[in-house]
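Trainee: Can you keep this structure in mind? I'll have questions shortly.
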Amino acid sequence: MQVIVNSEPMDVAEGSCLADLIEQVGLGGSPVAAEVNKALVPKRSHGACELAEGDRIELVTLVGGG
Amino acid sequence: MDRATDRPMDGIVENKPGQRREPAAEPLVIGERRFDSRLLVGTGKYATYELMQDALDASGSEIITVAVRRERLVNERGESLLDYIDTDRYTILPNTAGCFSAEDAVRVSRLGREILEQIGNAGASWVKLEVLGDKKTLLPDPVGTIEAVETLANEGFEVLCYTSDDPISAKRIKDAGAAAVMPAGSPIGSGQGVLNPNNIVLCLETLKDGDPDYPVIVDAGVGAASDTSIAMELGADGVLLNTAIAHAKDPVLMAHAMRHATTAGRQSYLAGRIEKKLYATASSPFEGAISYIPGE
């Protein structure tokens with residue numbers, strides 16, 4: 001199925017959860033905050049958060065800023 | 001070092017033998033947090049992460065701001081800001097820069113808190129709130145700002161809120177639940193310094209009326225160390241800046257200058273300046289002068 005990650009379409013396996021996606025994009029183990037359809041999903045819930053076709057996901061980190 | 005406590009003092013170099021010690025600096029208090037340094041610095045716009053590290057160190061700051069942005073979803077991700085920040089040394093203050101609505105600013109605040117909770121940084125639960133009204137001026141949207149402060153304060157955030165130098169907006173932001181109000185000296189990154197010191201004084205008077213310990217931090221617009229001193233001399237509790245250090249020809253040297261300017265401005269404020277007078281007042285006595293004095 002396809003989901004939208006940071007505005008880019010991405011294919012993920014059926015039944016994937018948010019933790020699977022974070023692993024798939026190589027961010028497992030990194031500090032990363034995630035939103036699914038504009039709602040924050042805390043890290044402790046990444047494994048229980050099943051993704052659905054067309055979900056819009058944001059994966060964010062910290063960068064330099066003022 | 002403070003010889004009594006062996007702790008570094010705010011911007012004070014160790015004195016030569018026989019020299020009087022600098023007076024101890026009182027801490028900056030924001031909510032429940034206390035800091036020796038009154039200078040807050042950003043982490044943006046540095047040519048390299050190593051340069052940023054050295055500048056942060058030279059600034060003596062204990063609070064550093066960061067932005068929340070999308071991850072790059074490619075294999076060659078490169079280096080991460082967090083690889084270059086000692087998260088035990090610095091309290092990280094995530095900002096909502098780039099947000100033009102209360103809704104987006106609240107979302108970004110929650111995302112920033114989530115990351116800081118993951119890395120166990122003391123900055124989790126606080127946010128430097130910016131709700132911008134316009135990309136060209138980066139001036140704040142006063143209505144969106146107040147909406148976001150209310151929502152975030154209700155969610156338990158300690159909000160350090162960027163605003164213009166308008167004292168009425170500043171008061172509304174405080175009343176909405178902000179932990180600190182941060183009026184701009186001039187537009188973000190403009191380097192124009194404190195353009196309207198009278199308004200900063202009005203902000204300070206309004207916000208501290210009956211609440212003298214309420215923290216007010218001048219945020220944005222600093223171009224040179226003297227701007228920082230002016231803000232502190234007016235009675236601000238701290239100064240937040242980024243570009244003035246990051247884009248100086250020698251960022252590390254400018255970071256040193258900003259540290260000293262913060263301390264100098266604070267001490268000058270506490271010491272109490274003389275009144276300005278139209279005419280001169282001689283520092284040397286006329287009595288006993290051997291010279292001819294016109295008019296006498």
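Letters for chains follow the order of the structure tokens (A, B, ...), residue numbers begin at 1 for each chain, and ligand numbers begin at 1 in the order shown.
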Write out as a list in words the residues lying within 7 Å of range 22-33 of chain A, counting only C-alpha atoms and excluding same-chain residues fewer than 6 positions away.
Mentor: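 Listing them by chain and then by number gives Leu59, Val60 and Thr61 of chain A; Leu73, Leu111, Glu114, Ile115, Gln118 and Ile119 of chain B.
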Trainee: Hey, what's within 10 Å of Gly54 in chain A if we count only C-alpha atoms and toss same-chain stuff fewer than 5 positions away? As an NGL selection string, please?
Mentor: :A and (1-5 or 9-10 or 37)
Trainee: Could you list, as a list of chain:residue names, every residue of chain B that has an atom within 6 Å of an atom of chain A, counting only C-alpha atoms?
Mentor: B:Gly42, B:Thr43, B:Gly44, B:Thr65, B:Val66, B:Ala67, B:Val68, B:Arg69, B:Arg70, B:Glu71, B:Leu81, B:Leu111, B:Glu114, B:Ile115, B:Asn242
Trainee: As a ChimeraX atom specification, which residues of range 160-275 of chain B does DSSP assign to strand (DSSP E or B)?
Mentor: /B:160-163,180-183,216-219,238-241
Trainee: Could you list, as a PyMOL selection string, every residue within 6 Å of Ile63 in chain B, counting only C-alpha atoms and ignoring same-chain residues fewer than 2 positions away?
Mentor: chain B and resi 40+61+90-92
Trainee: Contacts of Glu233 in chain B at 9 Å or less, counting only C-alpha atoms, minus same-chain residues fewer than 4 places along, as a PDB file with N, CA, C and O atoms, in the first residue's frame?
Mentor:
```pdb
ATOM      1  N   THR B 228      23.479  44.062  22.388  1.00  0.00           N
ATOM      2  CA  THR B 228      23.163  43.181  23.517  1.00  0.00           C
ATOM      3  C   THR B 228      23.272  43.948  24.826  1.00  0.00           C
ATOM      4  O   THR B 228      22.396  43.855  25.697  1.00  0.00           O
ATOM      5  N   SER B 229      24.343  44.742  24.949  1.00  0.00           N
ATOM      6  CA  SER B 229      24.511  45.522  26.178  1.00  0.00           C
ATOM      7  C   SER B 229      23.369  46.513  26.362  1.00  0.00           C
ATOM      8  O   SER B 229      22.879  46.704  27.479  1.00  0.00           O
ATOM      9  N   THR B 262      26.707  40.812  27.443  1.00  0.00           N
ATOM     10  CA  THR B 262      25.545  40.462  28.265  1.00  0.00           C
ATOM     11  C   THR B 262      25.835  40.780  29.725  1.00  0.00           C
ATOM     12  O   THR B 262      25.028  41.413  30.421  1.00  0.00           O
ATOM     13  N   ALA B 264      28.217  42.785  30.899  1.00  0.00           N
ATOM     14  CA  ALA B 264      28.445  44.224  31.071  1.00  0.00           C
ATOM     15  C   ALA B 264      27.119  44.981  31.130  1.00  0.00           C
ATOM     16  O   ALA B 264      26.919  45.857  31.974  1.00  0.00           O
ATOM     17  N   GLY B 265      26.205  44.639  30.241  1.00  0.00           N
ATOM     18  CA  GLY B 265      24.907  45.306  30.225  1.00  0.00           C
ATOM     19  C   GLY B 265      24.123  45.053  31.501  1.00  0.00           C
ATOM     20  O   GLY B 265      23.500  45.960  32.060  1.00  0.00           O
ATOM     21  N   ARG B 266      24.177  43.824  31.984  1.00  0.00           N
ATOM     22  CA  ARG B 266      23.461  43.482  33.214  1.00  0.00           C
ATOM     23  C   ARG B 266      24.047  44.254  34.398  1.00  0.00           C
ATOM     24  O   ARG B 266      23.327  44.831  35.209  1.00  0.00           O
ATOM     25  N   GLN B 267      25.372  44.246  34.483  1.00  0.00           N
ATOM     26  CA  GLN B 267      26.010  44.948  35.606  1.00  0.00           C
ATOM     27  C   GLN B 267      25.737  46.443  35.531  1.00  0.00           C
ATOM     28  O   GLN B 267      25.496  47.093  36.544  1.00  0.00           O
ATOM     29  N   SER B 268      25.750  46.991  34.320  1.00  0.00           N
ATOM     30  CA  SER B 268      25.480  48.415  34.143  1.00  0.00           C
ATOM     31  C   SER B 268      24.053  48.748  34.584  1.00  0.00           C
ATOM     32  O   SER B 268      23.805  49.754  35.243  1.00  0.00           O
ATOM     33  N   TYR B 269      23.120  47.867  34.235  1.00  0.00           N
ATOM     34  CA  TYR B 269      21.721  48.074  34.653  1.00  0.00           C
ATOM     35  C   TYR B 269      21.618  48.066  36.176  1.00  0.00           C
ATOM     36  O   TYR B 269      21.000  48.948  36.782  1.00  0.00           O
ATOM     37  N   LEU B 270      22.239  47.042  36.785  1.00  0.00           N
ATOM     38  CA  LEU B 270      22.136  46.905  38.241  1.00  0.00           C
ATOM     39  C   LEU B 270      22.854  48.051  38.951  1.00  0.00           C
ATOM     40  O   LEU B 270      22.409  48.508  40.011  1.00  0.00           O
ATOM     41  N   GLY B 272      23.120  51.095  37.945  1.00  0.00           N
ATOM     42  CA  GLY B 272      22.321  52.320  37.875  1.00  0.00           C
ATOM     43  C   GLY B 272      23.074  53.444  37.190  1.00  0.00           C
ATOM     44  O   GLY B 272      24.013  54.004  37.770  1.00  0.00           O
ATOM     45  N   ARG B 273      22.659  53.754  35.992  1.00  0.00           N
ATOM     46  CA  ARG B 273      23.382  54.748  35.218  1.00  0.00           C
ATOM     47  C   ARG B 273      23.134  56.166  35.752  1.00  0.00           C
ATOM     48  O   ARG B 273      22.131  56.428  36.424  1.00  0.00           O
TER      49      ARG B 273
END
```
